[in-house]
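K.L.:
structure-v7.tsv (TSV, C-alpha atoms) pasted underneath:
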chain	number	residue	atom	x	y	z
A	1	MET	CA	-18.95	68.48	-30.80
A	2	SER	CA	-19.92	66.61	-33.94
A	3	ALA	CA	-23.02	64.43	-33.95
A	4	PHE	CA	-20.78	61.71	-35.34
A	5	ASP	CA	-17.74	61.48	-33.09
A	6	ALA	CA	-17.52	57.75	-32.40
A	7	PRO	CA	-14.00	56.29	-32.63
A	8	ASP	CA	-12.82	53.31	-34.63
A	9	VAL	CA	-12.37	50.27	-32.38
A	10	LEU	CA	-10.91	46.78	-32.43
A	11	LEU	CA	-13.05	43.88	-31.29
A	12	THR	CA	-11.17	40.90	-29.85
A	13	GLY	CA	-12.90	37.67	-28.96
A	14	ARG	CA	-13.98	34.26	-30.22
A	15	VAL	CA	-16.00	32.58	-32.90
A	16	ARG	CA	-17.81	29.47	-31.67
A	17	HIS	CA	-19.57	27.01	-33.93
A	18	ARG	CA	-21.43	23.81	-33.10
A	19	ARG	CA	-23.05	21.33	-35.48
A	20	LEU	CA	-25.69	19.13	-33.90
A	21	ARG	CA	-26.25	16.39	-36.52
A	22	PRO	CA	-25.95	13.96	-38.22
A	23	ALA	CA	-22.49	13.96	-36.62
A	24	ALA	CA	-21.63	16.39	-33.85
A	25	ASN	CA	-18.78	18.82	-34.51
A	26	ALA	CA	-17.68	21.93	-32.66
A	27	PHE	CA	-14.85	24.44	-32.70
A	28	SER	CA	-13.83	27.73	-31.10
A	29	TYR	CA	-11.23	30.14	-32.50
A	30	ARG	CA	-9.82	33.45	-31.33
A	31	VAL	CA	-10.42	36.28	-33.78
A	32	PHE	CA	-10.33	40.04	-34.01
A	33	ALA	CA	-12.33	42.48	-36.09
A	34	VAL	CA	-12.70	46.22	-36.55
A	35	ARG	CA	-15.87	48.15	-35.87
A	36	LEU	CA	-15.88	51.34	-37.92
A	37	PRO	CA	-18.34	54.24	-37.48
A	38	LEU	CA	-18.78	55.15	-41.14
A	39	ARG	CA	-20.40	58.55	-40.68
A	40	ALA	CA	-17.79	59.64	-38.13
A	41	ARG	CA	-15.00	58.55	-40.45
A	42	ALA	CA	-16.56	60.42	-43.37
A	43	ALA	CA	-16.97	63.56	-41.24
A	44	ARG	CA	-13.36	63.45	-40.08
A	45	LEU	CA	-12.08	62.93	-43.60
A	46	ALA	CA	-14.24	65.79	-44.90
A	47	SER	CA	-12.83	68.09	-42.22
A	48	GLY	CA	-9.27	67.14	-43.14
A	49	ALA	CA	-8.66	65.56	-39.75
A	50	GLY	CA	-8.32	62.04	-41.12
A	51	ALA	CA	-10.08	58.98	-39.78
A	52	SER	CA	-9.06	57.89	-36.30
A	53	GLY	CA	-6.57	55.06	-36.28
A	54	ASP	CA	-5.43	55.56	-39.87
A	55	SER	CA	-1.66	55.15	-40.08
A	56	ARG	CA	0.91	52.86	-41.61
A	57	LEU	CA	-0.37	50.22	-39.20
A	58	PHE	CA	-4.08	50.65	-39.99
A	59	ALA	CA	-4.78	52.09	-43.42
A	60	HIS	CA	-7.83	53.03	-45.46
A	61	ASN	CA	-7.89	51.98	-49.13
A	62	ARG	CA	-4.15	51.38	-49.17
A	63	PHE	CA	-1.68	48.82	-47.89
A	64	GLY	CA	-1.04	48.60	-44.18
A	65	LEU	CA	-0.30	46.06	-41.51
A	66	LEU	CA	-4.10	46.08	-41.12
A	67	SER	CA	-6.33	47.89	-43.59
A	68	PHE	CA	-9.92	48.55	-44.53
A	69	HIS	CA	-10.89	48.83	-48.20
A	70	ASP	CA	-14.28	50.06	-49.38
A	71	ALA	CA	-13.98	47.75	-52.40
A	72	ASP	CA	-14.19	44.70	-50.10
A	73	HIS	CA	-17.82	45.49	-49.33
A	74	GLY	CA	-21.10	46.24	-51.05
A	75	ASP	CA	-20.90	46.40	-54.83
A	76	GLY	CA	-17.22	47.35	-54.65
A	77	THR	CA	-17.65	50.48	-56.77
A	78	GLN	CA	-18.33	53.19	-54.17
A	79	THR	CA	-17.66	54.08	-50.58
A	80	ALA	CA	-19.05	51.74	-47.96
A	81	LEU	CA	-21.15	54.57	-46.52
A	82	GLY	CA	-22.52	55.62	-49.91
A	83	TRP	CA	-23.45	52.03	-50.72
A	84	ILE	CA	-25.25	51.27	-47.45
A	85	ASP	CA	-27.13	54.58	-47.48
A	86	ALA	CA	-28.35	53.89	-51.02
A	87	LEU	CA	-29.35	50.32	-50.09
A	88	LEU	CA	-31.34	51.46	-47.07
A	89	HIS	CA	-33.18	54.14	-49.04
A	90	ALA	CA	-33.92	51.72	-51.89
A	91	ASN	CA	-35.57	49.43	-49.33
A	92	GLY	CA	-37.70	52.12	-47.73
A	93	ILE	CA	-35.58	52.67	-44.63
A	94	HIS	CA	-35.28	56.45	-44.43
A	95	ASP	CA	-34.79	56.97	-40.71
A	96	ALA	CA	-31.36	55.33	-40.27
A	97	ARG	CA	-29.69	58.75	-40.19
A	98	GLY	CA	-27.58	58.03	-37.14
A	99	GLU	CA	-24.25	56.26	-37.03
A	100	ILE	CA	-23.64	53.17	-39.15
A	101	TYR	CA	-21.13	50.75	-37.66
A	102	LEU	CA	-19.46	48.21	-39.91
A	103	GLN	CA	-18.06	45.22	-38.01
A	104	THR	CA	-15.76	43.23	-40.24
A	105	PHE	CA	-12.40	41.51	-40.50
A	106	PRO	CA	-9.72	43.90	-41.78
A	107	ARG	CA	-7.17	42.98	-44.36
A	108	VAL	CA	-3.99	41.62	-42.77
A	109	LEU	CA	-0.93	42.36	-44.91
A	110	GLY	CA	-3.33	42.99	-47.79
A	111	TYR	CA	-5.45	39.82	-47.55
A	112	VAL	CA	-8.90	39.17	-46.11
A	113	PHE	CA	-11.77	36.74	-46.31
A	114	ASN	CA	-14.95	37.77	-44.50
A	115	PRO	CA	-17.49	34.97	-43.93
A	116	VAL	CA	-19.88	37.60	-42.55
A	117	SER	CA	-19.77	41.34	-41.90
A	118	PHE	CA	-22.40	43.18	-39.88
A	119	TRP	CA	-23.67	46.68	-40.63
A	120	PHE	CA	-25.47	48.18	-37.62
A	121	CYS	CA	-27.64	51.06	-38.81
A	122	GLU	CA	-28.84	53.47	-36.13
A	123	ARG	CA	-31.38	56.23	-35.91
A	124	ALA	CA	-30.28	59.73	-34.93
A	125	ASP	CA	-31.16	58.93	-31.30
A	126	GLY	CA	-28.77	55.95	-31.27
A	127	SER	CA	-31.43	53.23	-31.40
A	128	LEU	CA	-30.77	50.33	-33.75
A	129	ARG	CA	-32.99	50.58	-36.83
A	130	ALA	CA	-31.69	47.79	-39.10
A	131	VAL	CA	-28.87	45.28	-39.46
A	132	LEU	CA	-27.35	44.14	-42.73
A	133	CYS	CA	-25.55	40.78	-42.71
A	134	GLU	CA	-23.14	40.62	-45.64
A	135	VAL	CA	-22.23	36.97	-46.29
A	136	ASN	CA	-19.41	35.67	-48.49
A	137	ASN	CA	-18.66	32.10	-49.51
A	138	THR	CA	-15.35	30.62	-50.62
A	139	PHE	CA	-16.51	30.66	-54.26
A	140	GLY	CA	-16.25	34.44	-54.44
A	141	GLU	CA	-20.02	34.97	-54.17
A	142	ARG	CA	-21.82	37.38	-51.85
A	143	HIS	CA	-25.34	37.77	-50.51
A	144	CYS	CA	-26.85	40.22	-48.04
A	145	TYR	CA	-29.64	39.66	-45.53
A	146	LEU	CA	-31.35	42.91	-44.48
A	147	LEU	CA	-32.90	42.51	-41.02
A	148	ASP	CA	-35.67	45.02	-40.41
A	149	THR	CA	-38.44	44.96	-37.81
A	150	GLY	CA	-40.00	48.20	-38.96
A	151	GLY	CA	-39.10	49.64	-35.56
A	152	THR	CA	-36.27	49.60	-33.05
A	153	ILE	CA	-34.24	46.39	-32.86
A	154	LYS	CA	-33.77	45.66	-29.16
A	155	SER	CA	-30.84	43.73	-27.73
A	156	GLY	CA	-31.45	39.98	-27.94
A	157	VAL	CA	-34.58	40.16	-30.12
A	158	PRO	CA	-34.70	37.19	-32.58
A	159	LEU	CA	-34.61	38.17	-36.26
A	160	THR	CA	-35.26	35.46	-38.83
A	161	ALA	CA	-34.31	35.14	-42.48
A	162	ARG	CA	-34.87	32.35	-44.97
A	163	LYS	CA	-31.59	30.82	-46.15
A	164	VAL	CA	-31.17	31.43	-49.89
A	165	PHE	CA	-27.38	31.42	-50.32
A	166	HIS	CA	-24.88	28.56	-50.44
A	167	VAL	CA	-22.24	28.71	-47.73
A	168	SER	CA	-21.25	25.16	-46.79
A	169	PRO	CA	-21.14	21.96	-48.87
A	170	PHE	CA	-22.58	20.20	-45.83
A	171	CYS	CA	-25.79	22.22	-45.61
A	172	LYS	CA	-28.60	22.54	-48.13
A	173	VAL	CA	-29.87	25.93	-49.26
A	174	GLU	CA	-33.07	25.73	-47.25
A	175	GLY	CA	-34.29	26.47	-43.77
A	176	THR	CA	-34.04	29.53	-41.57
A	177	TYR	CA	-31.43	31.65	-39.84
A	178	THR	CA	-32.24	33.25	-36.50
A	179	PHE	CA	-30.04	36.21	-35.60
A	180	ARG	CA	-29.70	37.77	-32.15
A	181	PHE	CA	-27.50	40.73	-31.30
A	182	PHE	CA	-26.53	41.65	-27.74
A	183	PHE	CA	-24.69	44.83	-26.74
A	184	ASP	CA	-23.31	46.11	-23.46
A	185	LYS	CA	-21.91	49.54	-24.26
A	186	THR	CA	-20.89	50.12	-20.64
A	187	ARG	CA	-18.56	47.12	-20.66
A	188	GLY	CA	-17.69	47.48	-24.34
A	189	CYS	CA	-18.71	43.95	-25.25
A	190	SER	CA	-21.01	42.45	-27.86
A	191	LEU	CA	-22.36	39.11	-29.02
A	192	ALA	CA	-23.84	38.06	-32.34
A	193	ARG	CA	-25.58	34.68	-32.30
A	194	ILE	CA	-26.73	32.91	-35.46
A	195	ASP	CA	-28.79	29.72	-35.22
A	196	TYR	CA	-29.63	27.70	-38.30
A	197	ASP	CA	-32.59	25.32	-38.56
A	198	ASP	CA	-33.42	23.10	-41.52
A	199	ALA	CA	-36.54	21.02	-42.15
A	200	ASP	CA	-35.54	18.61	-39.37
A	201	GLY	CA	-34.97	21.24	-36.69
A	202	PRO	CA	-31.92	22.93	-35.15
A	203	LEU	CA	-28.69	22.16	-37.01
A	204	LEU	CA	-26.04	24.84	-36.32
A	205	VAL	CA	-25.33	27.21	-33.43
A	206	THR	CA	-22.79	29.97	-34.09
A	207	SER	CA	-21.68	33.00	-32.10
A	208	ILE	CA	-19.18	35.82	-32.44
A	209	ALA	CA	-18.38	37.50	-29.13
A	210	GLY	CA	-15.79	40.01	-28.03
A	211	THR	CA	-14.79	43.17	-26.23
A	212	THR	CA	-13.70	46.47	-27.70
A	213	ARG	CA	-10.44	48.34	-27.37
A	214	ALA	CA	-9.05	51.44	-29.03
A	215	LEU	CA	-7.84	51.07	-32.59
A	216	ASP	CA	-4.43	52.59	-32.01
A	217	ALA	CA	-0.88	51.63	-32.97
A	218	SER	CA	-0.16	49.64	-29.81
A	219	ASN	CA	-3.34	47.58	-30.08
A	220	VAL	CA	-2.85	46.99	-33.80
A	221	LEU	CA	0.59	45.56	-33.07
A	222	ARG	CA	-0.80	43.54	-30.18
A	223	VAL	CA	-3.52	41.83	-32.23
A	224	PHE	CA	-1.23	41.34	-35.22
A	225	PHE	CA	1.24	39.31	-33.16
A	226	SER	CA	-1.38	37.69	-30.91
A	227	TYR	CA	-3.48	36.43	-33.86
A	228	PRO	CA	-0.80	35.59	-36.46
A	229	MET	CA	-2.02	35.33	-40.06
A	230	MET	CA	-5.62	35.46	-38.86
A	231	THR	CA	-7.35	36.11	-42.19
A	232	ILE	CA	-5.45	33.37	-44.01
A	233	GLY	CA	-6.23	31.20	-41.00
A	234	VAL	CA	-9.96	31.81	-41.48
A	235	VAL	CA	-9.87	30.10	-44.88
A	236	ALA	CA	-7.56	27.33	-43.66
A	237	ARG	CA	-9.89	26.57	-40.75
A	238	ILE	CA	-12.94	26.49	-43.00
A	239	HIS	CA	-11.31	23.80	-45.11
A	240	TRP	CA	-10.01	21.91	-42.07
A	241	GLN	CA	-13.49	21.73	-40.57
A	242	ALA	CA	-14.84	20.60	-43.95
A	243	LEU	CA	-12.33	17.74	-43.95
A	244	LYS	CA	-13.46	16.74	-40.46
A	245	LEU	CA	-17.11	16.67	-41.54
A	246	PHE	CA	-16.18	14.63	-44.61
A	247	ALA	CA	-14.31	12.15	-42.40
A	248	LYS	CA	-17.41	11.89	-40.19
A	249	ARG	CA	-19.44	11.00	-43.31
A	250	VAL	CA	-21.68	14.04	-43.17
A	251	PRO	CA	-23.52	14.07	-46.54
A	252	PHE	CA	-21.96	16.35	-49.16
A	253	VAL	CA	-24.23	18.86	-50.91
A	254	GLY	CA	-23.36	20.12	-54.39
A	255	LYS	CA	-23.14	23.85	-54.98
A	256	PRO	CA	-26.31	25.35	-56.53
A	257	ALA	CA	-26.42	28.50	-58.63
A	258	PRO	CA	-26.43	31.68	-56.55
A	259	PRO	CA	-29.75	33.50	-56.11
A	260	ARG	CA	-30.65	36.03	-58.78
A	261	GLU	CA	-31.02	38.78	-56.22
A	262	THR	CA	-28.06	39.81	-54.09
A	263	LEU	CA	-30.28	40.99	-51.22
A	264	SER	CA	-32.92	39.23	-49.13
A	265	ARG	CA	-35.09	41.30	-46.85
A	266	ALA	CA	-36.30	39.76	-43.62
A	267	ARG	CA	-38.80	41.44	-41.35
A	268	GLY	CA	-38.88	40.52	-37.70
A	269	GLU	CA	-41.35	41.36	-34.98
A	270	SER	CA	-41.26	45.05	-34.11
A	271	SER	CA	-39.95	45.93	-30.66
A	272	GLY	CA	-41.28	49.45	-30.63
A	273	ARG	CA	-40.42	52.71	-32.26
Is it possible to express this structure as structure tokens?
P.N.:
Amino acid sequence: MSAFDAPDVLLTGRVRHRRLRPAANAFSYRVFAVRLPLRARAARLASGAGASGDSRLFAHNRFGLLSFHDADHGDGTQTALGWIDALLHANGIHDARGEIYLQTFPRVLGYVFNPVSFWFCERADGSLRAVLCEVNNTFGERHCYLLDTGGTIKSGVPLTARKVFHVSPFCKVEGTYTFRFFFDKTRGCSLARIDYDDADGPLLVTSIAGTTRALDASNVLRVFFSYPMMTIGVVARIHWQALKLFAKRVPFVGKPAPPRETLSRARGESSGR
């Protein structure tokens, strides 16, 4: 058996977001994502077996009902696996030789907008070594936060990063993100929580939670019809929530220039090796 034999999976669940001030605002939407084991996919492709789930319904680098394109991630010029491996090595992380799981929205009928994608980078023993949060805004800009404790990242451990990238016109580019990732592999569920604090304290509470199911033809059809036009809906909902904040007279913040660097590295407290 290959060391990298993890299957592709769908993740179905909810995004929840709550703003605490100066005017309260909250929403919850159903979403689905894919979680792709990049090394397993590369090994299957190299062996000629093809990546699990790839079909006319879920395609790789071509049109499909749902599809994953390497060009939608990283610098857009190489494979997702090649890009993340090079990034980790360039930042002194040489022991993430295990599986790398990319959790992201797929293209739906050729279109996608990903507010955030998560790259979970494991050691050979399956422990979580680092997490890369790849953030996009609606202006076509991208920034990555590399979360690294120097040791194993345990479930639920807080990981902080200074905010340096413009996402919302109702938040300044200042303050701190606190990330927490929870996994229950037995039940096939996961939770990513992102809290944002500015100079005045807690401001936003966001979570992405869901359960996994096989990425096969029947489940692709199920999520396609259960979550109609989801990726277009992501953008529509972003603008709808912006209109609600504007109507509540939340102060508008002009867009600053993006940071010179496309990567911020954040070290958290080590939870052991």
K.L.:
Enumerate, as a list in words, the protein, DNA and RNA residues whose atoms approach (-32.9, 34.9, -40.0) to within 10 Å, taking into account only C-alpha atoms and the coordinate frame of the file.
P.N.:
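Residues with an atom close enough to that point: Cys133, Tyr145, Leu146, Leu147, Pro158, Leu159, Thr160, Ala161, Arg162, Lys163, Gly175, Thr176, Tyr177, Thr178, Phe179, Arg180, Ile194, Asp195, Tyr196, Asp197, Arg265, Ala266, Arg267 and Gly268 of chain A.
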K.L.:
Keeping only C-alpha atoms, write the selected residues to a file as a compact mmCIF listing (two decimals), in the coordinates of the input.
P.N.:
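Output saved as selection_18.txt:
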# COMPACT_ATOMS: atom_id res chain seq x y z
CA CYS A 133 -25.55 40.78 -42.71
CA TYR A 145 -29.64 39.66 -45.53
CA LEU A 146 -31.35 42.91 -44.48
CA LEU A 147 -32.90 42.51 -41.02
CA PRO A 158 -34.70 37.19 -32.58
CA LEU A 159 -34.61 38.17 -36.26
CA THR A 160 -35.26 35.46 -38.83
CA ALA A 161 -34.31 35.14 -42.48
CA ARG A 162 -34.87 32.35 -44.97
CA LYS A 163 -31.59 30.82 -46.15
CA GLY A 175 -34.29 26.47 -43.77
CA THR A 176 -34.04 29.53 -41.57
CA TYR A 177 -31.43 31.65 -39.84
CA THR A 178 -32.24 33.25 -36.50
CA PHE A 179 -30.04 36.21 -35.60
CA ARG A 180 -29.70 37.77 -32.15
CA ILE A 194 -26.73 32.91 -35.46
CA ASP A 195 -28.79 29.72 -35.22
CA TYR A 196 -29.63 27.70 -38.30
CA ASP A 197 -32.59 25.32 -38.56
CA ARG A 265 -35.09 41.30 -46.85
CA ALA A 266 -36.30 39.76 -43.62
CA ARG A 267 -38.80 41.44 -41.35
CA GLY A 268 -38.88 40.52 -37.70
K.L.:
From the options A:Leu263, A:Val164, A:Leu66, A:Val250, which residue's atoms come nearest to A:Pro228, counting only C-alpha atoms?
P.N.:
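Closest residue, counting only C-alpha atoms: A:Leu66.
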K.L.:
Which neighbours of A:Thr212 fall inside 8 Å, counting only C-alpha atoms, when residues of the same chain fewer than 3 positions from it are skipped, and could you give them as a VMD selection string?
P.N.:
chain A and resid 9 to 12 188 to 189
K.L.:
Looking at only C-alpha atoms, which of A:Glu99, A:Asp148, A:Asp198, A:Asp70 is the one that sits closest to A:Cys171?
P.N.:
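Closest candidate: A:Asp198.
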K.L.:
Just the residues within 7 Å of stretch 113-122 of chain A, please, counting only C-alpha atoms, with nothing from its chain fewer than 2 positions along; format it as a list in words.
P.N.:
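Counting only C-alpha atoms, the residues come to Ala96, Arg97, Gly98, Glu99, Ile100, Tyr101, Leu102, Gln103, Thr104, Phe105, Ala124, Gly126, Ser127, Leu128, Arg129, Ala130, Val131, Leu132, Cys133, Glu134, Val135, Asn136, Asn137 and Thr231 of chain A.
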K.L.:
Find the residues near A:Ala214: any atom within 10 Å, counting all atoms listed in the file, skip ones fewer than 2 places away on the same chain, and give them as a list in words.
P.N.:
Pro7, Asp8, Val9, Leu10, Leu11, Val34, Ser52, Gly53, Thr212, Asp216, Ala217, Ser218, Asn219 and Val220 of chain A
K.L.:
Considering only C-alpha atoms, state which residue in the set A:Ile208, A:Val253, A:Val112, A:Ile232 is at the smallest distance from A:Lys172.
P.N.:
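Between A:Ile208, A:Val253, A:Val112, A:Ile232, the residue approaching A:Lys172 most closely is A:Val253.
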K.L.:
Using atom CA of A:Leu81 and atom CA of A:Ala42 as the two end points, give the distance in Å to one decimal.
P.N.:
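If I compute the distance from atom CA of A:Leu81 to atom CA of A:Ala42, I get 8.1 Å.
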K.L.:
Under the rule that all atoms listed in the file are counted, which of A:Ala90, A:Ala46, A:Val235, A:Leu57 is the nearest residue to A:Arg222?
P.N.:
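Ranking A:Ala90, A:Ala46, A:Val235, A:Leu57 by distance to A:Arg222, first place goes to A:Leu57.
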K.L.:
When you count all atoms listed in the file, which of these residues is closest to A:Asp72: A:Arg142, A:Arg237, A:Lys154, A:Arg16?
P.N.:
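Checking each candidate against A:Asp72, we get A:Arg142 as the closest.
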K.L.:
Select, from A:Arg123, A:Asp5, A:Phe183, A:Phe63, the residue with the minimum atom-to-atom distance to A:His94, counting all atoms listed in the file.
P.N.:
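Among A:Arg123, A:Asp5, A:Phe183, A:Phe63, it is A:Arg123 that comes nearest to A:His94.
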K.L.:
Please compute the atom CA of A:Gly233-atom CA of A:Arg35 distance, one decimal, in Å.
P.N.:
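Distance between the two atoms: 20.2 Å.
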K.L.:
What is the atom CA of A:Asn25 to atom CA of A:Leu243 distance in Å?
P.N.:
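Spanning atom CA of A:Asn25 to atom CA of A:Leu243 is a straight-line distance of 11.5 Å.
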K.L.:
Please provide as a PyMOL selection string all residues within 12 Å of A:Arg249, with the sequence filter that same-chain residues fewer than 4 positions apart are discarded (counting all atoms listed in the file).
P.N.:
chain A and resi 21-25+170+242-245+253
K.L.:
Could you pull stretch 185-206 of chain A out of the structure I just pasted and write it to a file containing N, CA and C atoms, as a CSV table (one decimal), in the first residue's frame?
P.N.:
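Generated file (selection04.csv):
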chain,number,residue,atom,x,y,z
A,185,LYS,N,-11.2,12.8,13.2
A,185,LYS,CA,-11.1,11.9,12.0
A,185,LYS,C,-12.0,10.7,12.1
A,186,THR,N,-12.4,10.3,13.3
A,186,THR,CA,-13.3,9.2,13.5
A,186,THR,C,-14.7,9.5,13.0
A,187,ARG,N,-15.1,10.7,13.3
A,187,ARG,CA,-16.5,11.1,12.8
A,187,ARG,C,-16.4,11.8,11.5
A,188,GLY,N,-15.2,12.1,11.0
A,188,GLY,CA,-15.1,12.8,9.7
A,188,GLY,C,-15.6,14.2,9.7
A,189,CYS,N,-15.3,14.9,10.8
A,189,CYS,CA,-15.8,16.3,10.8
A,189,CYS,C,-14.6,17.2,11.2
A,190,SER,N,-14.8,18.5,10.8
A,190,SER,CA,-13.7,19.5,11.1
A,190,SER,C,-14.3,20.8,11.4
A,191,LEU,N,-13.5,21.7,12.0
A,191,LEU,CA,-14.0,23.1,12.3
A,191,LEU,C,-12.7,24.0,12.2
A,192,ALA,N,-12.9,25.0,11.5
A,192,ALA,CA,-11.8,26.1,11.4
A,192,ALA,C,-12.5,27.3,12.0
A,193,ARG,N,-11.9,27.9,13.1
A,193,ARG,CA,-12.4,29.1,13.7
A,193,ARG,C,-11.4,30.2,13.5
A,194,ILE,N,-11.9,31.4,13.1
A,194,ILE,CA,-11.0,32.5,12.9
A,194,ILE,C,-11.6,33.7,13.7
A,195,ASP,N,-11.0,34.2,14.7
A,195,ASP,CA,-11.4,35.4,15.4
A,195,ASP,C,-10.5,36.5,15.1
A,196,TYR,N,-11.1,37.7,14.9
A,196,TYR,CA,-10.4,38.9,14.6
A,196,TYR,C,-10.5,40.0,15.7
A,197,ASP,N,-9.4,40.5,16.2
A,197,ASP,CA,-9.4,41.5,17.2
A,197,ASP,C,-8.7,42.7,16.6
A,198,ASP,N,-9.3,43.9,16.8
A,198,ASP,CA,-8.6,45.2,16.5
A,198,ASP,C,-8.1,45.8,17.7
A,199,ALA,N,-7.7,47.1,17.7
A,199,ALA,CA,-7.2,47.8,18.8
A,199,ALA,C,-8.2,47.9,20.0
A,200,ASP,N,-9.5,47.8,19.7
A,200,ASP,CA,-10.5,47.9,20.7
A,200,ASP,C,-11.0,46.6,21.2
A,201,GLY,N,-10.4,45.5,20.8
A,201,GLY,CA,-10.8,44.2,21.3
A,201,GLY,C,-11.5,43.3,20.2
A,202,PRO,N,-12.2,42.3,20.6
A,202,PRO,CA,-12.8,41.4,19.7
A,202,PRO,C,-13.8,42.1,18.7
A,203,LEU,N,-13.7,41.7,17.4
A,203,LEU,CA,-14.6,42.4,16.4
A,203,LEU,C,-15.4,41.4,15.6
A,204,LEU,N,-14.7,40.3,15.1
A,204,LEU,CA,-15.3,39.3,14.3
A,204,LEU,C,-15.1,37.9,14.8
A,205,VAL,N,-16.1,37.1,14.7
A,205,VAL,CA,-16.0,35.6,15.0
A,205,VAL,C,-16.5,34.9,13.8
A,206,THR,N,-15.6,34.0,13.2
A,206,THR,CA,-16.0,33.3,12.0
A,206,THR,C,-15.6,31.8,12.2
